[in-house]
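Shown next: structure-v7.cif, given as mmCIF, C-alpha atoms, pLDDT in the B column; chains and numbers go by the auth columns.
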data_structure
loop_
_atom_site.group_PDB
_atom_site.id
_atom_site.type_symbol
_atom_site.label_atom_id
_atom_site.label_comp_id
_atom_site.label_asym_id
_atom_site.label_seq_id
_atom_site.Cartn_x
_atom_site.Cartn_y
_atom_site.Cartn_z
_atom_site.B_iso_or_equiv
_atom_site.auth_seq_id
_atom_site.auth_asym_id
ATOM 1 C CA MET A 1 25.808 -14.776 5.782 40.00 1491 D
ATOM 2 C CA GLU A 2 23.527 -12.278 7.521 57.00 1492 D
ATOM 3 C CA LYS A 3 19.908 -13.314 8.057 69.00 1493 D
ATOM 4 C CA LEU A 4 17.302 -10.901 6.689 85.00 1494 D
ATOM 5 C CA LEU A 5 14.754 -9.829 9.268 87.00 1495 D
ATOM 6 C CA PRO A 6 11.058 -9.717 8.397 89.00 1496 D
ATOM 7 C CA PRO A 7 9.343 -6.340 7.944 90.00 1497 D
ATOM 8 C CA ILE A 8 7.720 -4.891 11.045 90.00 1498 D
ATOM 9 C CA PRO A 9 3.910 -4.986 10.728 90.00 1499 D
ATOM 10 C CA ALA A 10 1.862 -1.837 11.295 88.00 1500 D
ATOM 11 C CA LYS A 11 0.696 -2.678 14.815 88.00 1501 D
ATOM 12 C CA ARG A 12 0.685 -0.681 18.025 90.00 1502 D
ATOM 13 C CA TYR A 13 1.894 -3.429 20.388 93.00 1503 D
ATOM 14 C CA PHE A 14 3.935 -6.609 19.966 95.00 1504 D
ATOM 15 C CA THR A 15 4.246 -9.506 22.397 95.00 1505 D
ATOM 16 C CA ILE A 16 7.672 -10.692 23.493 95.00 1506 D
ATOM 17 C CA GLY A 17 7.299 -13.740 21.222 95.00 1507 D
ATOM 18 C CA GLU A 18 6.487 -11.573 18.191 95.00 1508 D
ATOM 19 C CA VAL A 19 9.448 -9.296 18.919 95.00 1509 D
ATOM 20 C CA GLY A 20 11.679 -12.349 19.261 95.00 1510 D
ATOM 21 C CA GLU A 21 10.655 -13.496 15.770 95.00 1511 D
ATOM 22 C CA LEU A 22 10.902 -9.990 14.258 94.00 1512 D
ATOM 23 C CA CYS A 23 14.389 -9.440 15.682 94.00 1513 D
ATOM 24 C CA ASP A 24 15.705 -13.035 15.742 94.00 1514 D
ATOM 25 C CA VAL A 25 16.324 -12.814 19.498 95.00 1515 D
ATOM 26 C CA LYS A 26 15.072 -15.230 22.155 96.00 1516 D
ATOM 27 C CA PRO A 27 12.613 -13.900 24.777 95.00 1517 D
ATOM 28 C CA HIS A 28 14.977 -14.539 27.710 96.00 1518 D
ATOM 29 C CA VAL A 29 17.580 -12.364 25.965 96.00 1519 D
ATOM 30 C CA LEU A 30 15.003 -9.574 25.533 96.00 1520 D
ATOM 31 C CA ARG A 31 14.191 -9.709 29.243 95.00 1521 D
ATOM 32 C CA TYR A 32 17.903 -9.470 30.044 96.00 1522 D
ATOM 33 C CA TRP A 33 18.379 -6.533 27.665 96.00 1523 D
ATOM 34 C CA GLU A 34 15.597 -4.654 29.493 94.00 1524 D
ATOM 35 C CA GLN A 35 17.839 -4.658 32.557 94.00 1525 D
ATOM 36 C CA GLU A 36 20.921 -3.544 30.619 94.00 1526 D
ATOM 37 C CA PHE A 37 19.439 -0.922 28.272 93.00 1527 D
ATOM 38 C CA THR A 38 17.310 1.784 29.877 89.00 1528 D
ATOM 39 C CA GLN A 39 15.817 2.663 26.483 87.00 1529 D
ATOM 40 C CA LEU A 40 13.860 -0.601 26.508 91.00 1530 D
ATOM 41 C CA ARG A 41 10.766 -0.166 28.636 92.00 1531 D
ATOM 42 C CA PRO A 42 7.943 -2.346 27.334 93.00 1532 D
ATOM 43 C CA VAL A 43 4.470 -1.791 28.719 92.00 1533 D
ATOM 44 C CA LYS A 44 3.583 -4.445 31.270 91.00 1534 D
ATOM 45 C CA ARG A 45 -0.029 -5.514 31.565 90.00 1535 D
ATOM 46 C CA ARG A 46 -1.957 -8.332 33.227 86.00 1536 D
ATOM 47 C CA GLY A 47 0.242 -11.083 34.549 88.00 1537 D
ATOM 48 C CA ASN A 48 3.367 -9.000 33.926 88.00 1538 D
ATOM 49 C CA ARG A 49 3.077 -9.600 30.165 92.00 1539 D
ATOM 50 C CA ARG A 50 5.310 -7.380 28.099 93.00 1540 D
ATOM 51 C CA TYR A 51 4.057 -5.409 25.114 94.00 1541 D
ATOM 52 C CA TYR A 52 6.639 -3.650 22.944 95.00 1542 D
ATOM 53 C CA GLN A 53 5.950 -0.657 20.714 93.00 1543 D
ATOM 54 C CA HIS A 54 7.319 -0.063 17.226 93.00 1544 D
ATOM 55 C CA HIS A 55 10.183 2.190 18.355 91.00 1545 D
ATOM 56 C CA GLU A 56 11.285 -0.469 20.859 94.00 1546 D
ATOM 57 C CA VAL A 57 11.378 -3.111 18.123 94.00 1547 D
ATOM 58 C CA LEU A 58 13.649 -0.806 16.105 92.00 1548 D
ATOM 59 C CA MET A 59 15.798 -0.260 19.195 93.00 1549 D
ATOM 60 C CA ILE A 60 16.097 -4.026 19.729 95.00 1550 D
ATOM 61 C CA ARG A 61 17.198 -4.452 16.122 94.00 1551 D
ATOM 62 C CA ARG A 62 19.845 -1.774 16.678 93.00 1552 D
ATOM 63 C CA ILE A 63 21.042 -3.469 19.863 94.00 1553 D
ATOM 64 C CA SER A 64 21.155 -6.839 18.131 94.00 1554 D
ATOM 65 C CA ASP A 65 23.172 -5.341 15.264 92.00 1555 D
ATOM 66 C CA LEU A 66 25.616 -3.679 17.647 92.00 1556 D
ATOM 67 C CA LEU A 67 26.134 -6.845 19.693 94.00 1557 D
ATOM 68 C CA TYR A 68 26.012 -9.600 17.101 93.00 1558 D
ATOM 69 C CA SER A 69 27.087 -7.967 13.813 91.00 1559 D
ATOM 70 C CA GLN A 70 29.446 -5.226 14.957 92.00 1560 D
ATOM 71 C CA GLY A 71 30.885 -7.141 17.923 93.00 1561 D
ATOM 72 C CA PHE A 72 30.273 -4.592 20.678 93.00 1562 D
ATOM 73 C CA THR A 73 30.083 -5.621 24.326 94.00 1563 D
ATOM 74 C CA ILE A 74 26.953 -4.766 26.319 94.00 1564 D
ATOM 75 C CA SER A 75 28.598 -1.657 27.777 93.00 1565 D
ATOM 76 C CA GLY A 76 29.986 -0.686 24.363 93.00 1566 D
ATOM 77 C CA ALA A 77 26.549 -1.034 22.758 93.00 1567 D
ATOM 78 C CA ARG A 78 25.038 0.985 25.619 92.00 1568 D
ATOM 79 C CA ASN A 79 27.584 3.761 24.972 92.00 1569 D
ATOM 80 C CA GLN A 80 26.911 3.693 21.223 92.00 1570 D
ATOM 81 C CA LEU A 81 23.153 4.057 21.815 90.00 1571 D
ATOM 82 C CA GLN A 82 23.745 6.940 24.238 89.00 1572 D
ATOM 83 C CA GLU A 83 25.910 8.705 21.639 89.00 1573 D
ATOM 84 C CA LEU A 84 23.287 8.124 18.959 85.00 1574 D
ATOM 85 C CA LEU A 85 20.502 9.526 21.152 83.00 1575 D
ATOM 86 C CA GLN A 86 22.669 12.498 22.110 85.00 1576 D
ATOM 87 C CA SER A 87 23.435 13.309 18.472 84.00 1577 D
ATOM 88 C CA GLN A 88 19.723 13.038 17.593 80.00 1578 D
ATOM 89 C CA LYS A 89 18.890 15.483 20.407 81.00 1579 D
ATOM 90 C CA GLU A 90 21.536 17.902 19.125 81.00 1580 D
ATOM 91 C CA ASP A 91 20.205 17.553 15.562 78.00 1581 D
ATOM 92 C CA ARG A 92 16.690 18.362 16.780 77.00 1582 D
ATOM 93 C CA LYS A 93 18.068 21.357 18.669 78.00 1583 D
ATOM 94 C CA ASN A 94 19.699 22.581 15.444 78.00 1584 D
ATOM 95 C CA GLY A 95 16.478 22.085 13.487 72.00 1585 D
ATOM 96 C CA GLN A 96 17.595 19.005 11.592 65.00 1586 D
ATOM 97 C CA THR A 97 15.350 15.977 11.347 57.00 1587 D
ATOM 98 C CA THR A 98 16.115 12.335 10.671 54.00 1588 D
ATOM 99 C CA VAL A 99 13.812 9.706 9.257 48.00 1589 D
ATOM 100 C CA ASP A 100 14.020 8.004 12.666 51.00 1590 D
ATOM 101 C CA ASP A 101 12.643 11.119 14.373 48.00 1591 D
ATOM 102 C CA LEU A 102 9.481 11.012 12.322 44.00 1592 D
ATOM 103 C CA GLU A 103 9.104 7.222 12.456 44.00 1593 D
ATOM 104 C CA ILE A 104 7.448 7.214 9.044 40.00 1594 D
ATOM 105 C CA PRO A 105 7.973 3.947 7.155 41.00 1595 D
ATOM 106 C CA ALA A 106 9.298 4.157 3.605 38.00 1596 D
ATOM 107 C CA ASN A 107 6.218 2.205 2.554 38.00 1597 D
ATOM 108 C CA GLU A 108 3.431 0.369 4.376 37.00 1598 D
ATOM 109 C CA GLU A 109 5.227 -2.974 4.529 40.00 1599 D
ATOM 110 C CA HIS A 110 8.776 -1.863 5.253 42.00 1600 D
ATOM 111 C CA CYS A 111 10.136 0.270 8.066 45.00 1601 D
ATOM 112 C CA PRO A 112 13.613 1.708 7.648 43.00 1602 D
ATOM 113 C CA GLU A 113 16.458 -0.126 9.329 44.00 1603 D
ATOM 114 C CA PRO A 114 19.121 1.854 11.188 43.00 1604 D
ATOM 115 C CA ASN A 115 21.555 1.643 8.259 43.00 1605 D
ATOM 116 C CA GLU A 116 18.832 2.948 5.906 42.00 1606 D
ATOM 117 C CA MET A 117 18.287 6.091 8.005 41.00 1607 D
ATOM 118 C CA ARG A 118 19.731 9.220 6.542 45.00 1608 D
ATOM 119 C CA PRO A 119 19.837 12.713 7.976 45.00 1609 D
ATOM 120 C CA LEU A 120 17.793 15.287 6.142 46.00 1610 D
ATOM 121 C CA GLY A 121 19.782 18.380 5.322 46.00 1611 D
ATOM 122 C CA ALA A 122 18.572 21.870 6.065 43.00 1612 D
ATOM 123 C CA ASP A 123 17.711 22.375 2.382 44.00 1613 D
ATOM 124 C CA PHE A 124 15.547 19.224 2.315 45.00 1614 D
ATOM 125 C CA SER A 125 12.343 21.258 2.784 42.00 1615 D
ATOM 126 C CA ARG A 126 13.146 23.153 -0.409 43.00 1616 D
ATOM 127 C CA GLN A 127 13.162 19.886 -2.337 45.00 1617 D
ATOM 128 C CA ILE A 128 9.621 18.974 -1.288 48.00 1618 D
ATOM 129 C CA SER A 129 6.772 20.390 -3.288 46.00 1619 D
ATOM 130 C CA PHE A 130 3.050 19.855 -2.955 49.00 1620 D
ATOM 131 C CA GLN A 131 0.772 20.601 -5.877 48.00 1621 D
ATOM 132 C CA GLY A 132 3.541 22.440 -7.668 49.00 1622 D
ATOM 133 C CA SER A 133 4.390 24.891 -4.868 54.00 1623 D
ATOM 134 C CA GLN A 134 7.578 24.881 -2.825 63.00 1624 D
ATOM 135 C CA MET A 135 7.304 24.642 0.981 65.00 1625 D
ATOM 136 C CA SER A 136 9.088 27.329 2.962 71.00 1626 D
ATOM 137 C CA ASP A 137 11.149 26.543 6.037 71.00 1627 D
ATOM 138 C CA SER A 138 8.370 27.817 8.313 75.00 1628 D
ATOM 139 C CA GLU A 139 5.765 25.663 6.529 75.00 1629 D
ATOM 140 C CA TRP A 140 8.060 22.637 6.849 74.00 1630 D
ATOM 141 C CA GLY A 141 8.511 23.382 10.567 77.00 1631 D
ATOM 142 C CA SER A 142 4.756 23.691 11.005 78.00 1632 D
ATOM 143 C CA LEU A 143 4.189 20.365 9.242 79.00 1633 D
ATOM 144 C CA ARG A 144 6.859 18.737 11.374 80.00 1634 D
ATOM 145 C CA ARG A 145 5.220 20.032 14.590 81.00 1635 D
ATOM 146 C CA GLU A 146 1.836 18.704 13.431 82.00 1636 D
ATOM 147 C CA LEU A 147 3.360 15.276 12.786 83.00 1637 D
ATOM 148 C CA PHE A 148 4.881 15.215 16.272 79.00 1638 D
ATOM 149 C CA GLU A 149 1.516 16.231 17.785 79.00 1639 D
ATOM 150 C CA ILE A 150 -0.220 13.441 15.869 81.00 1640 D
ATOM 151 C CA ARG A 151 2.406 10.967 17.047 80.00 1641 D
ATOM 152 C CA GLU A 152 1.849 12.054 20.663 74.00 1642 D
ATOM 153 C CA LEU A 153 -1.926 11.672 20.279 77.00 1643 D
ATOM 154 C CA LEU A 154 -1.490 8.183 18.841 77.00 1644 D
ATOM 155 C CA ALA A 155 0.784 7.208 21.722 70.00 1645 D
ATOM 156 C CA LEU A 156 -1.988 7.882 24.275 62.00 1646 D
#
Would you mind writing the file out in structure tokens?
Amino acid sequence: MEKLLPPIPAKRYFTIGEVGELCDVKPHVLRYWEQEFTQLRPVKRRGNRRYYQHHEVLMIRRISDLLYSQGFTISGARNQLQELLQSQKEDRKNGQTTVDDLEIPANEEHCPEPNEMRPLGADFSRQISFQGSQMSDSEWGSLRRELFEIRELLAL
């Protein structure tokens, strides 16, 4: 039976111990995965202490799922992540957005898991209305750019 992982709190940084509890992975395994997966680059501060960000916690959950649930080897999981990142880049190039791109939790206490992510079709913007008016594609694009700018500002 698969163990349910706790929701990821709305924090900017997580210690290696917190990430271990959130992802059900021991700290020594996380340190090893940093060497094997280039996507994992926690911030290191005083005393070489690691601080992980939200997107890295999601990445660790993906890695854990690939290795422990789906039975991939380290190199197989690495290849799967590369393919996933490549397809996300291509989707962005084609103007498509995924929930993962925006990193907006479904609600304040729950962040979407990889299997809960769904691509948003090109007609998704036509389904969204604010105060009774439909958003055009250009308005949706403008909103999307603003969200990315806000995310970059918050990352500083």
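Rounded to one decimal, atom CA of D:Lys1534 and atom CA of D:Arg1635 lie 29.7 Å from each other.
Considering the residues D:Leu1644, D:Leu1574, D:Leu1520, D:Leu1494 and counting all atoms listed in the file, D:Glu1546 has its shortest atom-to-atom contact with D:Leu1520.
One distance worth recording is that between atom CA of D:Pro1497 and atom CA of D:Gly1510, which is 13.0 Å.
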Subject >> Output of the PyMOL selection byres ((chain D and resi 1531) around 10), listed as a ChimeraX atom specification >> reply: /D:1523-1525,1527-1530,1532-1534,1540-1543,1546
**OP:** Tell me, as a list in words, which residues lie within 7 Å of stretch 1511-1515 of chain D, counting all atoms listed in the file; anything in the same chain fewer than 4 positions away does not count.
**Re:** Leu1495, Pro1496, Ile1498, Gly1507, Val1519, Leu1520, Ile1550 and Arg1551 of chain D
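Among the candidate residues D:Ala1567, D:Leu1633, D:Leu1557, D:Ala1500, the one lying nearest to D:His1545 is D:Ala1500, with distances computed using all atoms listed in the file.
Atom CA of D:Phe1504 sits 27.1 Å away from atom CA of D:Gly1566.
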Step by step, gather every atom of stretch 1540-1557 of chain D that the file lists, find the box along x, y and z that holds them, add 8 Å on each side, and finally give centre and edge lengths in Å to one decimal, as JSON.
{"center_x": 15.1, "center_y": -2.6, "center_z": 21.7, "size_x": 38.1, "size_y": 25.6, "size_z": 28.8}
